[in-house]
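Colleague: Pasting run.pdb here (PDB, C-alpha atoms):
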MODEL        1
ATOM      1  CA  MET U  24       2.497   1.025  22.033
ATOM      2  CA  VAL U  25       1.181   4.473  21.144
ATOM      3  CA  ASP U  26      -0.472   6.776  23.649
ATOM      4  CA  GLU U  27      -4.238   6.415  24.083
ATOM      5  CA  GLY U  28      -4.709   9.978  22.942
ATOM      6  CA  THR U  29      -4.238  10.952  19.300
ATOM      7  CA  SER U  30      -4.639  14.236  17.450
ATOM      8  CA  ILE U  31      -6.461  12.534  14.576
ATOM      9  CA  HIS U  32     -10.095  13.647  14.527
ATOM     10  CA  GLY U  33     -13.079  14.395  12.310
ATOM     11  CA  ILE U  34     -12.688  11.188  10.322
ATOM     12  CA  GLU U  35     -15.544   9.999   8.089
ATOM     13  CA  ALA U  36     -13.820   7.352   5.940
ATOM     14  CA  ILE U  37     -10.916   4.892   6.253
ATOM     15  CA  LEU U  38      -8.538   3.901   3.459
ATOM     16  CA  PHE U  39      -6.060   1.035   3.549
ATOM     17  CA  ASP U  40      -3.086   0.411   1.314
ATOM     18  CA  MET U  41      -2.699  -3.304   0.575
ATOM     19  CA  ASP U  42       0.901  -4.500   0.066
ATOM     20  CA  GLY U  43       2.912  -4.072   3.257
ATOM     21  CA  THR U  44      -0.086  -2.634   5.093
ATOM     22  CA  ILE U  45      -2.718  -5.389   5.100
ATOM     23  CA  VAL U  46      -0.576  -8.250   3.827
ATOM     24  CA  ASP U  47       3.180  -8.780   4.160
ATOM     25  CA  SER U  48       3.809  -8.987   0.416
ATOM     26  CA  GLU U  49       6.561  -6.434  -0.190
ATOM     27  CA  VAL U  50       9.091  -9.246   0.202
ATOM     28  CA  LEU U  51       7.545 -10.692  -2.962
ATOM     29  CA  THR U  52       8.094  -7.365  -4.705
ATOM     30  CA  ASP U  53      11.771  -7.383  -3.719
ATOM     31  CA  ARG U  54      12.204 -10.991  -4.826
ATOM     32  CA  CYS U  55      10.566 -10.394  -8.208
ATOM     33  CA  VAL U  56      12.758  -7.369  -8.881
ATOM     34  CA  ASP U  57      15.959  -9.150  -7.860
ATOM     35  CA  ARG U  58      15.257 -12.245  -9.946
ATOM     36  CA  LEU U  59      14.329 -10.299 -13.065
ATOM     37  CA  LEU U  60      17.396  -8.092 -12.802
ATOM     38  CA  GLY U  61      19.519 -11.221 -12.461
ATOM     39  CA  GLU U  62      17.966 -12.740 -15.568
ATOM     40  CA  LEU U  63      18.603  -9.526 -17.491
ATOM     41  CA  GLY U  64      22.265  -9.621 -16.528
ATOM     42  CA  VAL U  65      22.240  -6.462 -14.452
ATOM     43  CA  PRO U  66      25.297  -6.389 -12.161
ATOM     44  CA  GLY U  67      24.601  -6.763  -8.456
ATOM     45  CA  ARG U  68      24.032  -3.460  -6.705
ATOM     46  CA  ASP U  69      22.832  -2.243  -3.328
ATOM     47  CA  LEU U  70      19.314  -1.540  -4.534
ATOM     48  CA  ASP U  71      17.128   0.389  -2.095
ATOM     49  CA  HIS U  72      14.087  -1.851  -2.387
ATOM     50  CA  GLN U  73      12.000   0.253  -0.031
ATOM     51  CA  SER U  74      12.255   3.197  -2.408
ATOM     52  CA  LEU U  75      10.247   1.119  -4.918
ATOM     53  CA  HIS U  76       7.500   0.103  -2.494
ATOM     54  CA  GLY U  77       4.076   1.610  -3.050
ATOM     55  CA  MET U  78       4.613   2.202  -6.775
ATOM     56  CA  THR U  79       2.864   0.697  -9.786
ATOM     57  CA  TRP U  80       4.871  -1.712 -11.914
ATOM     58  CA  PRO U  81       5.305   0.807 -14.769
ATOM     59  CA  ARG U  82       6.675   3.309 -12.251
ATOM     60  CA  VAL U  83       9.000   0.662 -10.784
ATOM     61  CA  ALA U  84      10.216  -0.073 -14.325
ATOM     62  CA  GLU U  85      10.928   3.634 -14.858
ATOM     63  CA  GLU U  86      12.954   3.794 -11.658
ATOM     64  CA  LEU U  87      14.954   0.680 -12.553
ATOM     65  CA  ARG U  88      15.787   2.090 -15.990
ATOM     66  CA  ARG U  89      16.890   5.319 -14.360
ATOM     67  CA  LEU U  90      19.210   3.422 -12.039
ATOM     68  CA  GLU U  91      20.438   1.054 -14.756
ATOM     69  CA  PRO U  92      20.374   2.605 -18.264
ATOM     70  CA  THR U  93      21.230  -0.764 -19.868
ATOM     71  CA  LEU U  94      17.622  -1.776 -19.146
ATOM     72  CA  GLU U  95      16.304   0.745 -21.670
ATOM     73  CA  GLY U  96      14.113  -1.017 -24.209
ATOM     74  CA  GLN U  97      13.603  -4.078 -21.987
ATOM     75  CA  GLU U  98      10.037  -5.173 -21.179
ATOM     76  CA  ILE U  99      10.039  -4.967 -17.391
ATOM     77  CA  ALA U 100       6.670  -3.879 -16.013
ATOM     78  CA  HIS U 101       4.571  -6.701 -17.493
ATOM     79  CA  ARG U 102       7.063  -9.360 -16.444
ATOM     80  CA  LEU U 103       7.190  -8.016 -12.889
ATOM     81  CA  ARG U 104       3.404  -7.860 -12.697
ATOM     82  CA  GLU U 105       2.976 -11.447 -13.872
ATOM     83  CA  ARG U 106       5.629 -12.773 -11.475
ATOM     84  CA  PHE U 107       4.229 -10.863  -8.536
ATOM     85  CA  HIS U 108       0.664 -12.022  -9.139
ATOM     86  CA  ARG U 109       1.779 -15.638  -9.394
ATOM     87  CA  SER U 110       3.709 -15.378  -6.128
ATOM     88  CA  PHE U 111       0.868 -13.471  -4.435
ATOM     89  CA  VAL U 112      -1.591 -16.269  -5.228
ATOM     90  CA  GLU U 113       0.705 -19.252  -4.739
ATOM     91  CA  ASP U 114       2.526 -18.096  -1.604
ATOM     92  CA  ASP U 115      -0.433 -16.456   0.211
ATOM     93  CA  PRO U 116       1.825 -14.066   2.160
ATOM     94  CA  PRO U 117       0.906 -13.591   5.838
ATOM     95  CA  PHE U 118      -1.234 -10.742   7.059
ATOM     96  CA  ILE U 119       0.298  -7.818   8.931
ATOM     97  CA  PRO U 120      -0.466  -8.355  12.646
ATOM     98  CA  GLY U 121      -3.887  -6.979  13.527
ATOM     99  CA  ALA U 122      -4.718  -5.953   9.936
ATOM    100  CA  GLY U 123      -7.766  -8.190   9.555
ATOM    101  CA  ALA U 124      -9.312  -7.026  12.823
ATOM    102  CA  ALA U 125      -8.606  -3.369  12.004
ATOM    103  CA  LEU U 126     -10.148  -3.680   8.553
ATOM    104  CA  ARG U 127     -13.296  -5.286   9.927
ATOM    105  CA  GLU U 128     -13.563  -2.697  12.705
ATOM    106  CA  ALA U 129     -13.235   0.102  10.156
ATOM    107  CA  LEU U 130     -15.932  -1.482   7.963
ATOM    108  CA  LYS U 131     -18.340  -1.498  10.902
ATOM    109  CA  ARG U 132     -17.942   2.204  11.572
ATOM    110  CA  PHE U 133     -16.904   3.981   8.353
ATOM    111  CA  PRO U 134     -17.080   3.909   4.573
ATOM    112  CA  THR U 135     -13.894   1.939   3.855
ATOM    113  CA  ALA U 136     -11.782   1.165   0.800
ATOM    114  CA  ILE U 137      -8.472  -0.368  -0.233
ATOM    115  CA  VAL U 138      -6.202   1.848  -2.332
ATOM    116  CA  THR U 139      -3.450  -0.196  -3.968
ATOM    117  CA  THR U 140      -0.896   0.187  -6.737
ATOM    118  CA  SER U 141      -1.161  -3.552  -7.325
ATOM    119  CA  ASN U 142      -3.491  -4.785 -10.032
ATOM    120  CA  ARG U 143      -7.124  -5.680  -9.385
ATOM    121  CA  GLU U 144      -6.483  -9.405  -9.785
ATOM    122  CA  CYS U 145      -4.344  -9.311  -6.627
ATOM    123  CA  LEU U 146      -6.894  -7.178  -4.787
ATOM    124  CA  GLU U 147      -9.686  -9.605  -5.706
ATOM    125  CA  HIS U 148      -7.613 -12.551  -4.498
ATOM    126  CA  LEU U 149      -6.944 -10.852  -1.161
ATOM    127  CA  ALA U 150     -10.604  -9.875  -0.695
ATOM    128  CA  ALA U 151     -11.718 -13.445  -1.383
ATOM    129  CA  ARG U 152      -9.085 -14.780   1.001
ATOM    130  CA  MET U 153     -10.359 -12.460   3.748
ATOM    131  CA  GLY U 154     -14.036 -13.068   2.964
ATOM    132  CA  LEU U 155     -14.489  -9.372   2.226
ATOM    133  CA  ARG U 156     -15.487  -9.191  -1.420
ATOM    134  CA  ASP U 157     -17.886  -6.361  -0.557
ATOM    135  CA  ILE U 158     -14.941  -4.020   0.039
ATOM    136  CA  LEU U 159     -14.191  -4.067  -3.688
ATOM    137  CA  GLU U 160     -17.165  -1.835  -4.449
ATOM    138  CA  HIS U 161     -15.272   1.382  -3.804
ATOM    139  CA  SER U 162     -11.647   0.239  -3.861
ATOM    140  CA  VAL U 163      -8.949   1.559  -6.172
ATOM    141  CA  SER U 164      -6.297  -0.516  -7.966
ATOM    142  CA  ALA U 165      -3.583   0.208 -10.531
ATOM    143  CA  GLU U 166      -6.000   0.017 -13.461
ATOM    144  CA  ASP U 167      -8.012   2.970 -12.107
ATOM    145  CA  PHE U 168      -5.445   5.765 -12.229
ATOM    146  CA  GLU U 169      -2.554   7.014 -14.357
ATOM    147  CA  LYS U 170      -0.104   8.546 -11.888
ATOM    148  CA  SER U 171       1.509   6.205  -9.378
ATOM    149  CA  LYS U 172       1.958   6.985  -5.708
ATOM    150  CA  PRO U 173       3.490   9.294  -4.455
ATOM    151  CA  ASP U 174       1.174  11.269  -6.731
ATOM    152  CA  PRO U 175      -2.131  11.762  -4.833
ATOM    153  CA  GLU U 176      -4.375  10.749  -7.767
ATOM    154  CA  SER U 177      -5.257   7.307  -6.375
ATOM    155  CA  TYR U 178      -6.286   8.671  -2.968
ATOM    156  CA  ARG U 179      -8.275  11.536  -4.427
ATOM    157  CA  LEU U 180     -10.150   9.023  -6.572
ATOM    158  CA  ALA U 181     -10.865   6.810  -3.547
ATOM    159  CA  ALA U 182     -12.271   9.750  -1.575
ATOM    160  CA  LYS U 183     -14.470  10.692  -4.521
ATOM    161  CA  ARG U 184     -15.796   7.138  -4.819
ATOM    162  CA  LEU U 185     -16.590   7.082  -1.114
ATOM    163  CA  GLY U 186     -18.242  10.505  -1.292
ATOM    164  CA  VAL U 187     -16.067  11.935   1.486
ATOM    165  CA  GLU U 188     -13.817  14.996   1.443
ATOM    166  CA  PRO U 189     -10.102  14.016   1.558
ATOM    167  CA  ALA U 190      -9.625  16.057   4.748
ATOM    168  CA  ARG U 191     -12.122  13.705   6.444
ATOM    169  CA  CYS U 192     -10.250  10.550   5.366
ATOM    170  CA  LEU U 193      -7.640   8.528   7.236
ATOM    171  CA  ALA U 194      -5.171   6.396   5.267
ATOM    172  CA  PHE U 195      -3.107   3.497   6.592
ATOM    173  CA  GLU U 196       0.143   3.128   4.648
ATOM    174  CA  ASP U 197       3.497   1.404   4.996
ATOM    175  CA  SER U 198       5.547   3.060   2.229
ATOM    176  CA  ARG U 199       6.821   6.596   2.053
ATOM    177  CA  ALA U 200       5.459   6.841  -1.476
ATOM    178  CA  GLY U 201       2.015   5.874  -0.212
ATOM    179  CA  LEU U 202       2.142   8.220   2.750
ATOM    180  CA  GLY U 203       3.209  11.022   0.438
ATOM    181  CA  ALA U 204       0.260  10.275  -1.844
ATOM    182  CA  ALA U 205      -2.269  10.340   0.995
ATOM    183  CA  LYS U 206      -0.788  13.490   2.506
ATOM    184  CA  GLY U 207      -0.709  15.101  -0.927
ATOM    185  CA  ALA U 208      -4.434  14.399  -1.199
ATOM    186  CA  GLY U 209      -4.971  16.205   2.096
ATOM    187  CA  MET U 210      -5.669  13.147   4.262
ATOM    188  CA  TRP U 211      -4.719  12.100   7.780
ATOM    189  CA  THR U 212      -2.210   9.236   7.808
ATOM    190  CA  VAL U 213      -1.066   6.349   9.995
ATOM    191  CA  ALA U 214       2.267   4.754   9.101
ATOM    192  CA  ILE U 215       2.732   1.003   9.532
ATOM    193  CA  SER U 216       6.472   1.098  10.138
ATOM    194  CA  ARG U 217       7.363  -2.531  10.935
ATOM    195  CA  GLN U 218       9.777  -2.784   7.990
ATOM    196  CA  TRP U 219      11.334   0.654   8.353
ATOM    197  CA  ALA U 220      14.952   0.803   9.431
ATOM    198  CA  ASP U 221      14.417   4.310  10.835
ATOM    199  CA  THR U 222      11.295   6.428  11.427
ATOM    200  CA  LYS U 223      13.275   9.642  11.860
ATOM    201  CA  GLY U 224      12.000  12.468   9.671
ATOM    202  CA  SER U 225       8.696  10.739   8.907
ATOM    203  CA  GLU U 226       6.621  13.101  11.027
ATOM    204  CA  THR U 227       5.773  15.228   7.988
ATOM    205  CA  LEU U 228       4.222  12.185   6.284
ATOM    206  CA  ALA U 229       2.501  10.470   9.221
ATOM    207  CA  ASP U 230       0.178  11.817  11.883
ATOM    208  CA  LEU U 231       0.722   8.601  13.809
ATOM    209  CA  ILE U 232       3.460   5.946  13.500
ATOM    210  CA  VAL U 233       2.927   2.399  14.772
ATOM    211  CA  ASP U 234       4.797  -0.833  14.241
ATOM    212  CA  ASP U 235       1.616  -2.638  13.202
ATOM    213  CA  PHE U 236      -2.124  -2.570  13.917
ATOM    214  CA  THR U 237      -1.749  -4.266  17.301
ATOM    215  CA  ASP U 238      -0.171  -1.017  18.542
ATOM    216  CA  LEU U 239      -3.366   0.951  17.959
ATOM    217  CA  PRO U 240      -5.330   1.821  21.125
ATOM    218  CA  GLU U 241      -8.343  -0.437  21.649
ATOM    219  CA  SER U 242     -10.727   2.501  21.171
ATOM    220  CA  PHE U 243      -8.883   3.975  18.205
ATOM    221  CA  PHE U 244     -11.687   3.826  15.649
ATOM    222  CA  GLU U 245     -14.135   5.329  18.137
ATOM    223  CA  SER U 246     -11.782   8.164  19.102
ATOM    224  CA  ILE U 247     -11.080   9.534  15.619
ATOM    225  CA  ARG U 248     -14.625  10.597  14.716
TER     226      ARG U 248
ENDMDL
END
In structure tokens, how does this file's structure come out?

Modeller:
Amino acid sequence: MVDEGTSIHGIEAILFDMDGTIVDSEVLTDRCVDRLLGELGVPGRDLDHQSLHGMTWPRVAEELRRLEPTLEGQEIAHRLRERFHRSFVEDDPPFIPGAGAALREALKRFPTAIVTTSNRECLEHLAARMGLRDILEHSVSAEDFEKSKPDPESYRLAAKRLGVEPARCLAFEDSRAGLGAAKGAGMWTVAISRQWADTKGSETLADLIVDDFTDLPESFFESIR
């Protein structure tokens, strides 16, 4: 549990990443990558899956080709996207503890958006599942920007759509790429660290680190204004 007090202040808008932050879907990412690599005959390796979290599929494909040059010329991004979307819809991965309540609390008090490197079809499915289709009005998905997290483009675009200066925005993120993107945009950040092996050294990326949303103080969204 975090302390009741937090240095985060002056917030006028809340931004949520989706995969790994609202819904526990990064395991689907890892599974899709592993299965495709197996089909392509790539030898088993100790792949750092977390280093790929928070990235668009084209960026993931770039990273995989960098790690395994034999993948050059292979169509990877589209195949990963299609597999992930199918799993996302069919498996309905569980929500991160407290995510639904936190999202609804944020919507009551602030302009709020989801900023995801997943495609809009996944975002629309999640919004329908949560009964929150209205949140799509200002949300950002992979189709809306060119440079993947950790580049700050996606978060800058979200702030612009909400009409709030980045310095007045708070972003919830689970990946280091996502935290880097939000920080690069000049935002406050909260790290959802439940899948991290070690939080050491993450202080430069996160103003607050919690295991999941149930660790937030009860008055959190009131205290950060």

Colleague: Restricting the calculation to all atoms listed in the file, which member of U:Phe39, U:His32, U:Arg109, U:Pro81 is positioned closest to Gly201 (chain U)?

Modeller: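 Nearest to Gly201 (chain U): U:Phe39.
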
Colleague: Counting only C-alpha atoms, which of U:Arg143, U:Arg82, U:His148, U:Arg58 gets nearest to Glu113 (chain U)?

Modeller: U:His148

Colleague: Which is closer to Thr44 (chain U) than all the others in U:Arg248, U:Arg191, U:Lys206, U:His76, using only C-alpha atoms?

Modeller: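 Among the listed residues, U:His76 lies closest to Thr44 (chain U).
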
Colleague: Env of Ile158 (chain U): 8 Å cut, atoms = all atoms listed in the file, seq-sep filter 4 positions within chain, self excluded. Answer as a list in words.

Modeller: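 The filter keeps Thr135, Ala136, Ile137, Ala150 and Ser162 of chain U.
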
Colleague: U:Ala84, U:Val187, U:Leu130, U:Val233: which is nearest Ser171 (chain U), counting all atoms listed in the file?

Modeller: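 When distances to Ser171 (chain U) are compared using all atoms listed in the file, the smallest one comes from U:Ala84.
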
Colleague: List every protein, DNA or RNA residue that has an atom no more than 7 Å from (-14.7, 4.7, 5.5) in the file's coordinate frame, counting only C-alpha atoms, and report them as a PyMOL selection string.

Modeller: chain U and resi 35-38+129-130+133-136

Colleague: Generate a file of the selected residues that holds C-alpha atoms, formatted as a PDB file, in the frame of the given file.

Modeller:
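Printed below is out.pdb as written:
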ATOM      1  CA  GLU U  35     -15.544   9.999   8.089  1.00  0.00           C
ATOM      2  CA  ALA U  36     -13.820   7.352   5.940  1.00  0.00           C
ATOM      3  CA  ILE U  37     -10.916   4.892   6.253  1.00  0.00           C
ATOM      4  CA  LEU U  38      -8.538   3.901   3.459  1.00  0.00           C
ATOM      5  CA  ALA U 129     -13.235   0.102  10.156  1.00  0.00           C
ATOM      6  CA  LEU U 130     -15.932  -1.482   7.963  1.00  0.00           C
ATOM      7  CA  PHE U 133     -16.904   3.981   8.353  1.00  0.00           C
ATOM      8  CA  PRO U 134     -17.080   3.909   4.573  1.00  0.00           C
ATOM      9  CA  THR U 135     -13.894   1.939   3.855  1.00  0.00           C
ATOM     10  CA  ALA U 136     -11.782   1.165   0.800  1.00  0.00           C
TER      11      ALA U 136
END

Colleague: At what distance in Å, to one decimal, does CA of Asp42 (chain U) lie from CA of Phe118 (chain U)?

Modeller: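 CA of Asp42 (chain U) lies 9.6 Å from CA of Phe118 (chain U).
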
Colleague: Fewer than 2 positions away in the same chain doesn't count, so skip those; otherwise give me all residues within 12 Å of Asp238 (chain U), counting all atoms listed in the file, as an MDAnalysis selection string.

Modeller: chainID U and resid 24:27 119:122 125 213:217 231:236 240:243

Colleague: Just how far from CA of Asp167 (chain U) is CA of Leu59 (chain U), in Å to one decimal?

Modeller: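 Separating CA of Leu59 (chain U) from CA of Asp167 (chain U) is a distance of 26.0 Å.
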
Colleague: Output the residue selection produced by the PyMOL selection byres ((chain U and resi 91-93) around 10) on the file above, formatted as a ChimeraX atom specification.

Modeller: /U:60,63-66,68,85-90,94-97

Colleague: Would you save the residues from that selection as a PDB file, in the frame of the given file, using C-alpha atoms?

Modeller:
ATOM      1  CA  LEU U  60      17.396  -8.092 -12.802  1.00  0.00           C
ATOM      2  CA  LEU U  63      18.603  -9.526 -17.491  1.00  0.00           C
ATOM      3  CA  GLY U  64      22.265  -9.621 -16.528  1.00  0.00           C
ATOM      4  CA  VAL U  65      22.240  -6.462 -14.452  1.00  0.00           C
ATOM      5  CA  PRO U  66      25.297  -6.389 -12.161  1.00  0.00           C
ATOM      6  CA  ARG U  68      24.032  -3.460  -6.705  1.00  0.00           C
ATOM      7  CA  GLU U  85      10.928   3.634 -14.858  1.00  0.00           C
ATOM      8  CA  GLU U  86      12.954   3.794 -11.658  1.00  0.00           C
ATOM      9  CA  LEU U  87      14.954   0.680 -12.553  1.00  0.00           C
ATOM     10  CA  ARG U  88      15.787   2.090 -15.990  1.00  0.00           C
ATOM     11  CA  ARG U  89      16.890   5.319 -14.360  1.00  0.00           C
ATOM     12  CA  LEU U  90      19.210   3.422 -12.039  1.00  0.00           C
ATOM     13  CA  LEU U  94      17.622  -1.776 -19.146  1.00  0.00           C
ATOM     14  CA  GLU U  95      16.304   0.745 -21.670  1.00  0.00           C
ATOM     15  CA  GLY U  96      14.113  -1.017 -24.209  1.00  0.00           C
ATOM     16  CA  GLN U  97      13.603  -4.078 -21.987  1.00  0.00           C
TER      17      GLN U  97
END

Colleague: Give me, please, the distance in Å between CA of Val56 (chain U) and CA of Leu103 (chain U), quoted to one decimal.

Modeller: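 A separation of 6.9 Å between them.
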
Colleague: Which residue is closest to Gly203 (chain U)? Choose from U:Phe111, U:Gly77, U:Leu146, U:Glu160 and count only C-alpha atoms.

Modeller: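 Of all the options, U:Gly77 lies closest to Gly203 (chain U).
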
Colleague: Since fewer atoms than expected are present, regenerate all heavy atoms for region 133-143 of chain U and write them as a PDB file, in the frame of the given file.

Modeller:
ATOM      1  N   PHE U 133     -17.175   2.964   9.357  1.00  0.00           N
ATOM      2  CA  PHE U 133     -16.904   3.981   8.353  1.00  0.00           C
ATOM      3  C   PHE U 133     -17.044   3.431   6.936  1.00  0.00           C
ATOM      4  O   PHE U 133     -16.828   2.231   6.720  1.00  0.00           O
ATOM      5  CB  PHE U 133     -15.451   4.494   8.488  1.00  0.00           C
ATOM      6  CG  PHE U 133     -15.111   5.149   9.784  1.00  0.00           C
ATOM      7  CD1 PHE U 133     -14.554   4.408  10.822  1.00  0.00           C
ATOM      8  CD2 PHE U 133     -15.312   6.504   9.971  1.00  0.00           C
ATOM      9  CE1 PHE U 133     -14.209   5.009  12.026  1.00  0.00           C
ATOM     10  CE2 PHE U 133     -14.974   7.114  11.168  1.00  0.00           C
ATOM     11  CZ  PHE U 133     -14.424   6.368  12.198  1.00  0.00           C
ATOM     12  N   PRO U 134     -17.325   4.293   5.961  1.00  0.00           N
ATOM     13  CA  PRO U 134     -17.080   3.909   4.573  1.00  0.00           C
ATOM     14  C   PRO U 134     -15.584   3.576   4.447  1.00  0.00           C
ATOM     15  O   PRO U 134     -14.746   4.348   4.937  1.00  0.00           O
ATOM     16  CB  PRO U 134     -17.437   5.166   3.783  1.00  0.00           C
ATOM     17  CG  PRO U 134     -18.342   5.943   4.678  1.00  0.00           C
ATOM     18  CD  PRO U 134     -17.876   5.659   6.079  1.00  0.00           C
ATOM     19  N   THR U 135     -15.270   2.448   3.848  1.00  0.00           N
ATOM     20  CA  THR U 135     -13.894   1.939   3.855  1.00  0.00           C
ATOM     21  C   THR U 135     -13.508   1.421   2.486  1.00  0.00           C
ATOM     22  O   THR U 135     -14.331   0.812   1.792  1.00  0.00           O
ATOM     23  CB  THR U 135     -13.746   0.809   4.894  1.00  0.00           C
ATOM     24  OG1 THR U 135     -14.120   1.316   6.188  1.00  0.00           O
ATOM     25  CG2 THR U 135     -12.322   0.290   4.963  1.00  0.00           C
ATOM     26  N   ALA U 136     -12.259   1.648   2.095  1.00  0.00           N
ATOM     27  CA  ALA U 136     -11.782   1.165   0.800  1.00  0.00           C
ATOM     28  C   ALA U 136     -10.316   0.782   0.892  1.00  0.00           C
ATOM     29  O   ALA U 136      -9.590   1.227   1.787  1.00  0.00           O
ATOM     30  CB  ALA U 136     -11.964   2.233  -0.274  1.00  0.00           C
ATOM     31  N   ILE U 137      -9.888  -0.058  -0.043  1.00  0.00           N
ATOM     32  CA  ILE U 137      -8.472  -0.368  -0.233  1.00  0.00           C
ATOM     33  C   ILE U 137      -7.981   0.445  -1.416  1.00  0.00           C
ATOM     34  O   ILE U 137      -8.659   0.539  -2.446  1.00  0.00           O
ATOM     35  CB  ILE U 137      -8.257  -1.873  -0.476  1.00  0.00           C
ATOM     36  CG1 ILE U 137      -8.608  -2.664   0.782  1.00  0.00           C
ATOM     37  CG2 ILE U 137      -6.807  -2.152  -0.892  1.00  0.00           C
ATOM     38  CD1 ILE U 137      -8.520  -4.167   0.613  1.00  0.00           C
ATOM     39  N   VAL U 138      -6.807   1.054  -1.265  1.00  0.00           N
ATOM     40  CA  VAL U 138      -6.202   1.848  -2.332  1.00  0.00           C
ATOM     41  C   VAL U 138      -4.818   1.270  -2.604  1.00  0.00           C
ATOM     42  O   VAL U 138      -3.890   1.473  -1.823  1.00  0.00           O
ATOM     43  CB  VAL U 138      -6.083   3.336  -1.930  1.00  0.00           C
ATOM     44  CG1 VAL U 138      -5.521   4.158  -3.089  1.00  0.00           C
ATOM     45  CG2 VAL U 138      -7.433   3.881  -1.488  1.00  0.00           C
ATOM     46  N   THR U 139      -4.686   0.528  -3.709  1.00  0.00           N
ATOM     47  CA  THR U 139      -3.450  -0.196  -3.968  1.00  0.00           C
ATOM     48  C   THR U 139      -2.877   0.102  -5.337  1.00  0.00           C
ATOM     49  O   THR U 139      -3.620   0.370  -6.290  1.00  0.00           O
ATOM     50  CB  THR U 139      -3.673  -1.718  -3.829  1.00  0.00           C
ATOM     51  OG1 THR U 139      -2.438  -2.406  -4.108  1.00  0.00           O
ATOM     52  CG2 THR U 139      -4.748  -2.211  -4.788  1.00  0.00           C
ATOM     53  N   THR U 140      -1.557   0.063  -5.441  1.00  0.00           N
ATOM     54  CA  THR U 140      -0.896   0.187  -6.737  1.00  0.00           C
ATOM     55  C   THR U 140      -0.714  -1.181  -7.382  1.00  0.00           C
ATOM     56  O   THR U 140      -0.178  -1.268  -8.486  1.00  0.00           O
ATOM     57  CB  THR U 140       0.473   0.886  -6.594  1.00  0.00           C
ATOM     58  OG1 THR U 140       1.229   0.249  -5.562  1.00  0.00           O
ATOM     59  CG2 THR U 140       0.307   2.351  -6.249  1.00  0.00           C
ATOM     60  N   SER U 141      -1.125  -2.231  -6.702  1.00  0.00           N
ATOM     61  CA  SER U 141      -1.161  -3.552  -7.325  1.00  0.00           C
ATOM     62  C   SER U 141      -2.373  -3.634  -8.245  1.00  0.00           C
ATOM     63  O   SER U 141      -3.292  -2.817  -8.166  1.00  0.00           O
ATOM     64  CB  SER U 141      -1.245  -4.656  -6.266  1.00  0.00           C
ATOM     65  OG  SER U 141       0.016  -4.902  -5.698  1.00  0.00           O
ATOM     66  N   ASN U 142      -2.386  -4.636  -9.091  1.00  0.00           N
ATOM     67  CA  ASN U 142      -3.491  -4.785 -10.032  1.00  0.00           C
ATOM     68  C   ASN U 142      -4.694  -5.434  -9.367  1.00  0.00           C
ATOM     69  O   ASN U 142      -4.590  -6.074  -8.321  1.00  0.00           O
ATOM     70  CB  ASN U 142      -3.027  -5.588 -11.239  1.00  0.00           C
ATOM     71  CG  ASN U 142      -1.969  -4.843 -12.033  1.00  0.00           C
ATOM     72  OD1 ASN U 142      -0.778  -4.933 -11.750  1.00  0.00           O
ATOM     73  ND2 ASN U 142      -2.394  -4.067 -13.002  1.00  0.00           N
ATOM     74  N   ARG U 143      -5.864  -5.242  -9.985  1.00  0.00           N
ATOM     75  CA  ARG U 143      -7.124  -5.680  -9.385  1.00  0.00           C
ATOM     76  C   ARG U 143      -7.162  -7.182  -9.158  1.00  0.00           C
ATOM     77  O   ARG U 143      -7.817  -7.654  -8.217  1.00  0.00           O
ATOM     78  CB  ARG U 143      -8.309  -5.236 -10.245  1.00  0.00           C
ATOM     79  CG  ARG U 143      -9.666  -5.546  -9.636  1.00  0.00           C
ATOM     80  CD  ARG U 143     -10.720  -4.573 -10.078  1.00  0.00           C
ATOM     81  NE  ARG U 143     -10.485  -3.235  -9.555  1.00  0.00           N
ATOM     82  CZ  ARG U 143     -10.975  -2.800  -8.398  1.00  0.00           C
ATOM     83  NH1 ARG U 143     -11.699  -3.591  -7.638  1.00  0.00           N
ATOM     84  NH2 ARG U 143     -10.742  -1.567  -7.973  1.00  0.00           N
TER      85      ARG U 143
END
